[in-house]
>>> print(open('work34.txt').read())   # compact mmCIF, C-alpha atoms
# COMPACT_ATOMS: atom_id res chain seq x y z
CA PRO R 322 0.00 0.00 0.00
CA GLU R 323 1.02 3.64 -0.34
CA PRO R 324 3.07 5.62 0.46
CA TRP R 325 5.98 3.27 -0.18
CA THR R 326 4.96 2.78 -3.83
CA LYS R 327 5.87 6.43 -4.38
CA MET R 328 9.42 5.88 -3.14
CA ARG R 329 10.58 2.85 -5.09
CA ARG R 330 14.32 2.35 -5.37
CA LEU R 331 15.21 2.96 -8.98
CA PRO R 332 18.46 3.27 -10.93
CA SER R 333 19.58 6.83 -11.63
CA SER R 334 19.04 6.30 -15.37
CA TYR R 335 15.41 5.21 -14.93
CA SER R 336 12.85 6.94 -17.13
CA SER R 337 9.27 6.15 -18.05
CA PRO R 338 6.96 7.94 -20.49
CA CYS R 339 4.04 7.27 -18.17
CA SER R 340 5.47 7.98 -14.71
CA PRO R 341 8.50 10.26 -14.98
CA PRO R 342 10.65 10.20 -11.82
CA ILE R 343 11.10 13.59 -10.22
CA GLY R 344 14.15 14.35 -8.12
CA SER R 345 16.58 12.08 -6.31
CA LEU R 346 16.96 11.51 -2.58
CA GLY R 347 19.98 9.32 -1.87
CA GLY R 348 19.12 6.85 -4.61
CA LEU R 349 15.39 6.92 -3.89
CA MET R 350 13.33 8.35 -6.71
CA ALA R 351 9.97 9.95 -5.97
CA VAL R 352 7.60 8.82 -8.74
CA ALA R 353 4.87 10.98 -10.18
CA SER R 354 1.38 9.50 -10.38
CA THR R 355 -0.17 9.24 -13.84
CA SER R 356 -3.79 8.62 -14.81
CA VAL R 357 -5.59 8.45 -18.15
CA PHE R 358 -9.09 9.86 -18.57
CA LYS R 359 -11.44 9.65 -21.56
CA TYR R 360 -13.41 12.63 -22.83
CA GLY R 361 -15.05 10.83 -25.78
CA ASP R 362 -15.70 7.42 -27.29
CA HIS R 363 -12.99 7.45 -29.97
CA GLU R 364 -9.74 5.71 -29.07
CA SER R 365 -7.84 8.99 -29.52
CA GLN R 366 -10.08 11.04 -27.23
CA TRP R 367 -8.13 10.87 -23.99
CA VAL R 368 -5.87 12.86 -21.70
CA ARG R 369 -2.99 11.74 -19.51
CA LEU R 370 -2.63 13.59 -16.22
CA THR R 371 0.68 13.46 -14.35
CA VAL R 372 0.78 14.82 -10.81
CA PRO R 373 4.13 15.44 -9.07
CA PRO R 374 4.92 13.32 -6.03
CA GLU R 375 4.32 14.77 -2.62
CA PRO R 376 5.35 17.03 -0.99
CA TRP R 377 4.26 18.97 -4.07
CA THR R 378 2.95 21.86 -2.03
CA LYS R 379 6.59 22.81 -1.39
CA MET R 380 7.31 23.14 -5.09
CA ARG R 381 4.95 26.04 -5.79
CA GLY R 382 6.98 28.85 -7.29
CA THR R 383 5.03 31.95 -6.23
CA PRO R 384 4.26 32.31 -2.51
CA GLY R 385 0.71 33.34 -1.80
CA GLU R 386 -0.60 32.51 -5.28
CA GLY R 387 -3.40 29.99 -5.63
CA ALA R 388 -4.75 27.61 -3.03
CA PRO R 389 -2.06 26.18 -0.73
CA ASP R 390 -3.29 22.63 -1.39
CA SER R 391 -3.55 22.76 -5.18
CA LEU R 392 -1.27 22.69 -8.22
CA PRO R 393 -1.06 24.84 -11.32
CA VAL R 394 -1.76 22.86 -14.49
CA ALA R 395 0.17 22.76 -17.77
CA VAL R 396 -1.87 21.43 -20.69
CA LEU R 397 0.28 20.03 -23.52
CA ILE R 398 -1.03 19.69 -27.09
CA HIS R 399 1.30 17.83 -29.43
CA GLY R 400 1.94 18.72 -33.05
CA GLY R 401 2.93 16.81 -36.16
CA TYR R 402 0.88 18.62 -38.82
CA TRP R 403 -2.24 16.77 -37.61
CA LYS R 404 -0.83 13.52 -39.06
CA GLN R 405 -1.80 10.08 -37.77
CA LYS R 406 1.79 9.03 -37.09
CA TRP R 407 2.34 11.71 -34.45
CA THR R 408 0.70 11.10 -31.08
CA ALA R 409 0.96 12.15 -27.46
CA ASP R 410 3.24 9.14 -26.98
CA ASN R 411 5.89 9.98 -29.59
CA ALA R 412 5.78 13.74 -30.20
CA GLY R 413 8.66 15.78 -28.81
CA ILE R 414 6.52 17.92 -26.51
CA LYS R 415 6.10 14.95 -24.15
CA GLU R 416 9.69 15.54 -23.01
CA LEU R 417 8.41 18.60 -21.11
CA VAL R 418 6.43 16.46 -18.66
CA PRO R 419 9.16 15.60 -16.12
CA ASP R 420 10.58 19.14 -16.22
CA LEU R 421 7.18 20.75 -15.62
CA CYS R 422 6.44 18.31 -12.81
CA ALA R 423 9.76 19.17 -11.19
CA ARG R 424 8.70 22.82 -11.29
CA GLY R 425 5.49 22.07 -9.43
CA PHE R 426 2.99 21.68 -12.25
CA ALA R 427 0.45 18.97 -12.80
CA VAL R 428 0.66 18.15 -16.51
CA MET R 429 -2.22 17.12 -18.76
CA GLU R 430 -1.22 15.71 -22.15
CA VAL R 431 -4.01 15.88 -24.72
CA GLU R 432 -4.58 13.27 -27.38
CA TYR R 433 -7.07 14.10 -30.09
CA ARG R 434 -8.42 12.79 -33.37
CA ARG R 435 -6.02 13.59 -36.18
CA ARG R 436 -6.91 14.43 -39.76
CA ASP R 437 -7.57 10.85 -40.99
CA ASP R 438 -9.66 9.76 -38.00
CA PRO R 439 -13.46 9.78 -38.35
CA GLY R 440 -14.43 13.33 -37.44
CA GLY R 441 -10.78 14.41 -37.21
CA GLY R 442 -9.20 17.45 -38.77
CA TRP R 443 -11.26 20.63 -38.83
CA PRO R 444 -13.36 21.06 -36.78
CA GLY R 445 -13.11 17.76 -34.89
CA SER R 446 -9.48 18.04 -33.75
CA ASN R 447 -10.18 21.50 -32.37
CA GLU R 448 -13.38 20.40 -30.66
CA ASP R 449 -11.51 17.48 -29.08
CA CYS R 450 -8.92 19.80 -27.52
CA LEU R 451 -11.69 22.05 -26.22
CA ALA R 452 -13.51 19.03 -24.77
CA ALA R 453 -10.29 17.93 -23.07
CA LEU R 454 -9.97 21.32 -21.42
CA ASN R 455 -13.59 21.13 -20.31
CA LEU R 456 -12.84 17.74 -18.77
CA LEU R 457 -10.02 19.35 -16.83
CA GLY R 458 -12.61 21.75 -15.41
CA THR R 459 -14.46 18.84 -13.77
CA MET R 460 -11.43 17.10 -12.27
CA PRO R 461 -10.98 19.01 -8.98
CA HIS R 462 -14.54 18.18 -7.92
CA GLU R 463 -15.44 14.91 -9.64
CA LYS R 464 -12.00 13.26 -9.51
CA ARG R 465 -10.95 14.94 -6.24
CA LEU R 466 -7.68 16.04 -7.78
CA PRO R 467 -5.61 18.92 -6.34
CA LEU R 468 -5.73 21.15 -9.44
CA ASP R 469 -5.93 24.95 -9.44
CA LEU R 470 -8.09 25.93 -12.42
CA ALA R 471 -7.17 29.59 -11.91
CA ARG R 472 -3.57 28.74 -12.89
CA VAL R 473 -3.77 26.86 -16.19
CA VAL R 474 -1.27 27.30 -19.01
CA ILE R 475 -1.84 25.73 -22.44
CA ILE R 476 1.30 24.83 -24.40
CA GLY R 477 1.09 23.65 -27.99
CA HIS R 478 3.80 22.84 -30.51
CA SER R 479 3.52 23.27 -34.30
CA ALA R 480 0.03 22.10 -35.29
CA GLY R 481 -0.58 21.77 -31.56
CA GLY R 482 0.33 25.44 -31.29
CA GLN R 483 -2.48 26.27 -33.71
CA LEU R 484 -4.84 24.18 -31.59
CA ALA R 485 -3.60 25.80 -28.37
CA LEU R 486 -4.14 29.33 -29.70
CA TRP R 487 -7.61 28.35 -30.94
CA VAL R 488 -8.63 26.69 -27.67
CA GLY R 489 -7.29 29.63 -25.65
CA ALA R 490 -9.55 31.94 -27.63
CA LYS R 491 -12.62 29.71 -27.47
CA SER R 492 -12.56 28.19 -23.98
CA GLU R 493 -15.18 29.49 -21.58
CA GLN R 494 -15.33 26.81 -18.88
CA VAL R 495 -11.59 26.96 -18.13
CA LYS R 496 -9.89 30.27 -18.90
CA PRO R 497 -6.13 29.79 -19.20
CA ARG R 498 -3.76 32.16 -17.44
CA LEU R 499 -1.36 31.85 -20.39
CA VAL R 500 -1.24 30.30 -23.87
CA VAL R 501 2.14 29.31 -25.31
CA GLY R 502 2.53 28.58 -29.00
CA VAL R 503 5.85 26.92 -29.85
CA ALA R 504 6.38 27.35 -33.61
CA PRO R 505 2.61 27.45 -34.09
CA VAL R 506 0.91 27.14 -37.46
CA CYS R 507 -0.85 30.40 -36.68
CA ASN R 508 -2.04 31.43 -40.14
CA LEU R 509 -3.63 28.57 -42.04
CA THR R 510 -4.12 30.41 -45.32
CA GLU R 511 -0.48 31.48 -45.45
CA ALA R 512 0.63 27.97 -44.47
CA TYR R 513 -1.53 26.50 -47.22
CA ARG R 514 -0.13 28.91 -49.83
CA ALA R 515 3.43 28.10 -48.70
CA LYS R 516 2.70 24.33 -48.95
CA LEU R 517 4.17 23.65 -45.53
CA SER R 518 4.94 20.11 -44.28
CA ASP R 519 7.05 17.44 -45.97
CA GLU R 520 4.38 16.63 -48.54
CA GLY R 521 3.11 20.20 -48.86
CA ASP R 522 -0.53 19.24 -48.30
CA ALA R 523 -0.87 19.13 -44.50
CA VAL R 524 -3.13 22.17 -44.15
CA GLU R 525 -5.48 21.12 -46.95
CA LEU R 526 -5.80 17.60 -45.52
CA TYR R 527 -6.45 18.97 -42.02
CA MET R 528 -9.05 21.45 -43.27
CA HIS R 529 -10.59 18.99 -45.78
CA CYS R 530 -10.75 21.91 -48.22
CA THR R 531 -8.78 24.80 -49.69
CA PRO R 532 -9.35 28.51 -49.09
CA ASP R 533 -10.06 29.04 -52.78
CA THR R 534 -13.84 28.79 -52.52
CA ALA R 535 -16.24 30.91 -50.50
CA ALA R 536 -17.05 27.99 -48.18
CA GLY R 537 -13.38 27.10 -47.85
CA GLU R 538 -12.38 30.67 -47.11
CA GLU R 539 -14.99 30.84 -44.34
CA ALA R 540 -13.79 27.55 -42.83
CA TYR R 541 -10.18 28.78 -42.81
CA LYS R 542 -11.27 31.96 -41.04
CA ARG R 543 -13.02 29.98 -38.32
CA ALA R 544 -10.02 27.69 -37.75
CA CYS R 545 -7.22 30.24 -38.07
CA PRO R 546 -5.73 31.81 -34.89
CA THR R 547 -4.85 34.99 -36.79
CA LYS R 548 -8.53 35.50 -37.61
CA LEU R 549 -9.39 35.23 -33.90
CA LEU R 550 -7.33 38.28 -32.97
CA PRO R 551 -7.12 40.24 -30.75
CA VAL R 552 -5.99 37.74 -28.14
CA THR R 553 -8.19 37.50 -25.05
CA VAL R 554 -5.62 35.83 -22.77
CA PRO R 555 -1.88 36.50 -22.34
CA THR R 556 -0.07 34.75 -25.19
CA LEU R 557 3.57 33.82 -25.70
CA ILE R 558 4.98 32.77 -29.08
CA VAL R 559 8.27 30.85 -29.09
CA GLN R 560 9.95 30.39 -32.46
CA GLY R 561 13.27 29.12 -33.78
CA SER R 562 14.74 31.49 -36.34
CA THR R 563 16.04 28.65 -38.54
CA ASP R 564 12.98 26.40 -38.27
CA THR R 565 12.17 24.95 -41.69
CA ASP R 566 9.06 22.94 -40.76
CA VAL R 567 7.23 26.01 -39.45
CA PRO R 568 9.18 29.03 -40.74
CA SER R 569 9.69 31.99 -38.45
CA TRP R 570 7.87 34.45 -40.71
CA LEU R 571 4.58 32.83 -39.69
CA SER R 572 5.15 33.72 -36.03
CA LEU R 573 6.54 37.16 -36.86
CA ASN R 574 3.46 37.96 -38.97
CA TYR R 575 1.18 36.71 -36.20
CA TYR R 576 2.97 38.90 -33.66
CA SER R 577 2.62 41.95 -35.91
CA ASP R 578 -1.06 41.24 -36.49
CA ALA R 579 -1.67 40.68 -32.77
CA MET R 580 0.01 43.95 -31.82
CA ALA R 581 -1.94 45.81 -34.50
CA ALA R 582 -5.20 44.27 -33.29
CA ARG R 583 -4.62 45.65 -29.81
CA GLY R 584 -3.63 49.06 -31.16
CA ALA R 585 0.08 48.74 -30.38
CA SER R 586 3.12 49.00 -32.64
>>> encode(input="work34.txt", output="structure tokens")
Amino acid sequence: PEPWTKMRRLPSSYSSPCSPPIGSLGGLMAVASTSVFKYGDHESQWVRLTVPPEPWTKMRGTPGEGAPDSLPVAVLIHGGYWKQKWTADNAGIKELVPDLCARGFAVMEVEYRRRDDPGGGWPGSNEDCLAALNLLGTMPHEKRLPLDLARVVIIGHSAGGQLALWVGAKSEQVKPRLVVGVAPVCNLTEAYRAKLSDEGDAVELYMHCTPDTAAGEEAYKRACPTKLLPVTVPTLIVQGSTDTDVPSWLSLNYYSDAMAARGAS
């Protein structure tokens, strides 16, 4: 029985994608607890919640902020140009989980239907991420989990960055404190015109249409973070200047448009 299961003796090189060890105490590794929750019937409609090992209350970074017995939450949305082969289990963003836990965050990884799944792509992938965030809103009460819904940050990478920016703008049940887009595909029309992704067709396959018709143009507007400006929550864009998968000009254009939308230069 607990609590000894949280203090298993593990080799220093131990790592697990499901229960990342956090910190070392004389060879004893405190192990984070991980649970999977479904928010829909499809096999890809699930989230994985990792909670740091106790005493997690001592790892809160800002004294006096939030409830003393609850954790801030980082929501991770993976990228991969909405392709089937990229999942919450193999996308690079999963490597953030142990680091965020060590900093005192509970971490919720979001899996969602990708473009070839029934109902995936636009608008299903977006609706899945929004449903996952709504599920998070029920967890403190229904699951009795120590989560502070007033301190939620959404982090998305690449196509996940587009989804994160979209969800941040649309979410009403859980309002994030911060949205972080890491090399986000933040303008779908520009990305379509530039034929981004290895095959050059990722945006069209995600949208199930092109922006070259009236109906397609309207769909792109509804899905595109740039068309949702001005931002309604604090937003951080992180971009590599030599990124070739999602070129930096996309983020620079988004930043310029966002500043213009709020009347700043």
>>> residues_around(input="work34.txt", residues="Val473 of chain R", least_positions_apart="3", cutoff="12 Å", atoms="all atoms listed in the file", output="ChimeraX atom specification")
/R:387,391-397,426-429,454,457-458,468-470,476,489,492,494-501,554-555
>>> residues_around(input="work34.txt", residues="Val488 of chain R", least_positions_apart="2", cutoff="9 Å", atoms="only C-alpha atoms", output="list of chain:residue names")
R:Asn447, R:Glu448, R:Cys450, R:Leu451, R:Leu454, R:Ile475, R:Gln483, R:Leu484, R:Ala485, R:Leu486, R:Ala490, R:Lys491, R:Ser492
>>> residues_near_point(input="work34.txt", point="(0.5, 25.4, -46.5)", cutoff="12 Å", atoms="all atoms listed in the file", output="compact mmCIF listing (two decimals) with C-alpha atoms, in the frame of the given file")
# COMPACT_ATOMS: atom_id res chain seq x y z
CA TYR R 402 0.88 18.62 -38.82
CA ALA R 480 0.03 22.10 -35.29
CA VAL R 506 0.91 27.14 -37.46
CA CYS R 507 -0.85 30.40 -36.68
CA ASN R 508 -2.04 31.43 -40.14
CA LEU R 509 -3.63 28.57 -42.04
CA THR R 510 -4.12 30.41 -45.32
CA GLU R 511 -0.48 31.48 -45.45
CA ALA R 512 0.63 27.97 -44.47
CA TYR R 513 -1.53 26.50 -47.22
CA ARG R 514 -0.13 28.91 -49.83
CA ALA R 515 3.43 28.10 -48.70
CA LYS R 516 2.70 24.33 -48.95
CA LEU R 517 4.17 23.65 -45.53
CA SER R 518 4.94 20.11 -44.28
CA ASP R 519 7.05 17.44 -45.97
CA GLU R 520 4.38 16.63 -48.54
CA GLY R 521 3.11 20.20 -48.86
CA ASP R 522 -0.53 19.24 -48.30
CA ALA R 523 -0.87 19.13 -44.50
CA VAL R 524 -3.13 22.17 -44.15
CA GLU R 525 -5.48 21.12 -46.95
CA LEU R 526 -5.80 17.60 -45.52
CA TYR R 527 -6.45 18.97 -42.02
CA MET R 528 -9.05 21.45 -43.27
CA CYS R 530 -10.75 21.91 -48.22
CA THR R 531 -8.78 24.80 -49.69
CA PRO R 532 -9.35 28.51 -49.09
CA TYR R 541 -10.18 28.78 -42.81
CA ASP R 566 9.06 22.94 -40.76
CA VAL R 567 7.23 26.01 -39.45
CA PRO R 568 9.18 29.03 -40.74
CA LEU R 571 4.58 32.83 -39.69
>>> residues_around(input="work34.txt", residues="Arg434 of chain R", least_positions_apart="5", cutoff="10 Å", atoms="all atoms listed in the file", output="MDAnalysis selection string")
chainID R and resid 363:367 403:405 408 439:443 445:450
>>> atom_distance(input="work34.txt", atom1="atom CA of Pro467 of chain R", atom2="atom CA of Ser354 of chain R")
12.4 Å
>>> atom_distance(input="work34.txt", atom1="atom CA of Ala412 of chain R", atom2="atom CA of Pro444 of chain R")
21.5 Å
>>> atom_distance(input="work34.txt", atom1="atom CA of Pro373 of chain R", atom2="atom CA of Ala423 of chain R")
7.1 Å
>>> closest_residue(input="work34.txt", among="R:Pro461, R:Pro551, R:Gly401, R:Pro546", to="Gly584 of chain R", atoms="only C-alpha atoms")
R:Pro551
>>> closest_residue(input="work34.txt", among="R:His399, R:Arg436, R:Thr556, R:Val431", to="Asn455 of chain R", atoms="all atoms listed in the file")
R:Val431
>>> build_atoms(input="work34.txt", residues="segment 402-416 of chain R", atoms="N, CA, C and O atoms", output="PDB file, in the frame of the given file")
ATOM      1  N   TYR R 402       1.715  18.270 -37.653  1.00  0.00           N
ATOM      2  CA  TYR R 402       0.880  18.620 -38.820  1.00  0.00           C
ATOM      3  C   TYR R 402      -0.382  17.769 -38.883  1.00  0.00           C
ATOM      4  O   TYR R 402      -0.810  17.372 -39.964  1.00  0.00           O
ATOM      5  N   TRP R 403      -0.958  17.476 -37.716  1.00  0.00           N
ATOM      6  CA  TRP R 403      -2.240  16.770 -37.610  1.00  0.00           C
ATOM      7  C   TRP R 403      -2.190  15.358 -38.201  1.00  0.00           C
ATOM      8  O   TRP R 403      -3.229  14.749 -38.449  1.00  0.00           O
ATOM      9  N   LYS R 404      -0.978  14.827 -38.428  1.00  0.00           N
ATOM     10  CA  LYS R 404      -0.830  13.520 -39.060  1.00  0.00           C
ATOM     11  C   LYS R 404      -1.065  12.388 -38.066  1.00  0.00           C
ATOM     12  O   LYS R 404      -0.789  12.511 -36.871  1.00  0.00           O
ATOM     13  N   GLN R 405      -1.510  11.239 -38.606  1.00  0.00           N
ATOM     14  CA  GLN R 405      -1.800  10.080 -37.770  1.00  0.00           C
ATOM     15  C   GLN R 405      -0.566   9.577 -37.030  1.00  0.00           C
ATOM     16  O   GLN R 405      -0.659   9.083 -35.905  1.00  0.00           O
ATOM     17  N   LYS R 406       0.604   9.663 -37.662  1.00  0.00           N
ATOM     18  CA  LYS R 406       1.790   9.030 -37.090  1.00  0.00           C
ATOM     19  C   LYS R 406       2.312   9.751 -35.856  1.00  0.00           C
ATOM     20  O   LYS R 406       3.120   9.195 -35.106  1.00  0.00           O
ATOM     21  N   TRP R 407       1.878  10.974 -35.621  1.00  0.00           N
ATOM     22  CA  TRP R 407       2.340  11.710 -34.450  1.00  0.00           C
ATOM     23  C   TRP R 407       1.264  11.711 -33.382  1.00  0.00           C
ATOM     24  O   TRP R 407       0.119  12.077 -33.626  1.00  0.00           O
ATOM     25  N   THR R 408       1.648  11.276 -32.188  1.00  0.00           N
ATOM     26  CA  THR R 408       0.700  11.100 -31.080  1.00  0.00           C
ATOM     27  C   THR R 408       1.282  11.705 -29.804  1.00  0.00           C
ATOM     28  O   THR R 408       2.439  12.146 -29.768  1.00  0.00           O
ATOM     29  N   ALA R 409       0.486  11.679 -28.772  1.00  0.00           N
ATOM     30  CA  ALA R 409       0.960  12.150 -27.460  1.00  0.00           C
ATOM     31  C   ALA R 409       2.080  11.256 -26.929  1.00  0.00           C
ATOM     32  O   ALA R 409       2.817  11.674 -26.025  1.00  0.00           O
ATOM     33  N   ASP R 410       2.220  10.060 -27.468  1.00  0.00           N
ATOM     34  CA  ASP R 410       3.240   9.140 -26.980  1.00  0.00           C
ATOM     35  C   ASP R 410       4.573   9.268 -27.698  1.00  0.00           C
ATOM     36  O   ASP R 410       5.589   8.790 -27.198  1.00  0.00           O
ATOM     37  N   ASN R 411       4.608   9.899 -28.885  1.00  0.00           N
ATOM     38  CA  ASN R 411       5.890   9.980 -29.590  1.00  0.00           C
ATOM     39  C   ASN R 411       6.273  11.386 -30.027  1.00  0.00           C
ATOM     40  O   ASN R 411       7.365  11.580 -30.555  1.00  0.00           O
ATOM     41  N   ALA R 412       5.427  12.366 -29.827  1.00  0.00           N
ATOM     42  CA  ALA R 412       5.780  13.740 -30.200  1.00  0.00           C
ATOM     43  C   ALA R 412       6.744  14.333 -29.186  1.00  0.00           C
ATOM     44  O   ALA R 412       6.717  13.995 -27.994  1.00  0.00           O
ATOM     45  N   GLY R 413       7.587  15.248 -29.652  1.00  0.00           N
ATOM     46  CA  GLY R 413       8.660  15.780 -28.810  1.00  0.00           C
ATOM     47  C   GLY R 413       8.183  16.532 -27.586  1.00  0.00           C
ATOM     48  O   GLY R 413       8.890  16.588 -26.575  1.00  0.00           O
ATOM     49  N   ILE R 414       6.981  17.094 -27.622  1.00  0.00           N
ATOM     50  CA  ILE R 414       6.520  17.920 -26.510  1.00  0.00           C
ATOM     51  C   ILE R 414       6.371  17.112 -25.220  1.00  0.00           C
ATOM     52  O   ILE R 414       6.404  17.668 -24.124  1.00  0.00           O
ATOM     53  N   LYS R 415       6.240  15.775 -25.337  1.00  0.00           N
ATOM     54  CA  LYS R 415       6.100  14.950 -24.150  1.00  0.00           C
ATOM     55  C   LYS R 415       7.324  15.031 -23.245  1.00  0.00           C
ATOM     56  O   LYS R 415       7.242  14.750 -22.039  1.00  0.00           O
ATOM     57  N   GLU R 416       8.482  15.441 -23.817  1.00  0.00           N
ATOM     58  CA  GLU R 416       9.690  15.540 -23.010  1.00  0.00           C
ATOM     59  C   GLU R 416       9.593  16.653 -21.965  1.00  0.00           C
ATOM     60  O   GLU R 416      10.413  16.730 -21.043  1.00  0.00           O
TER      61      GLU R 416
END
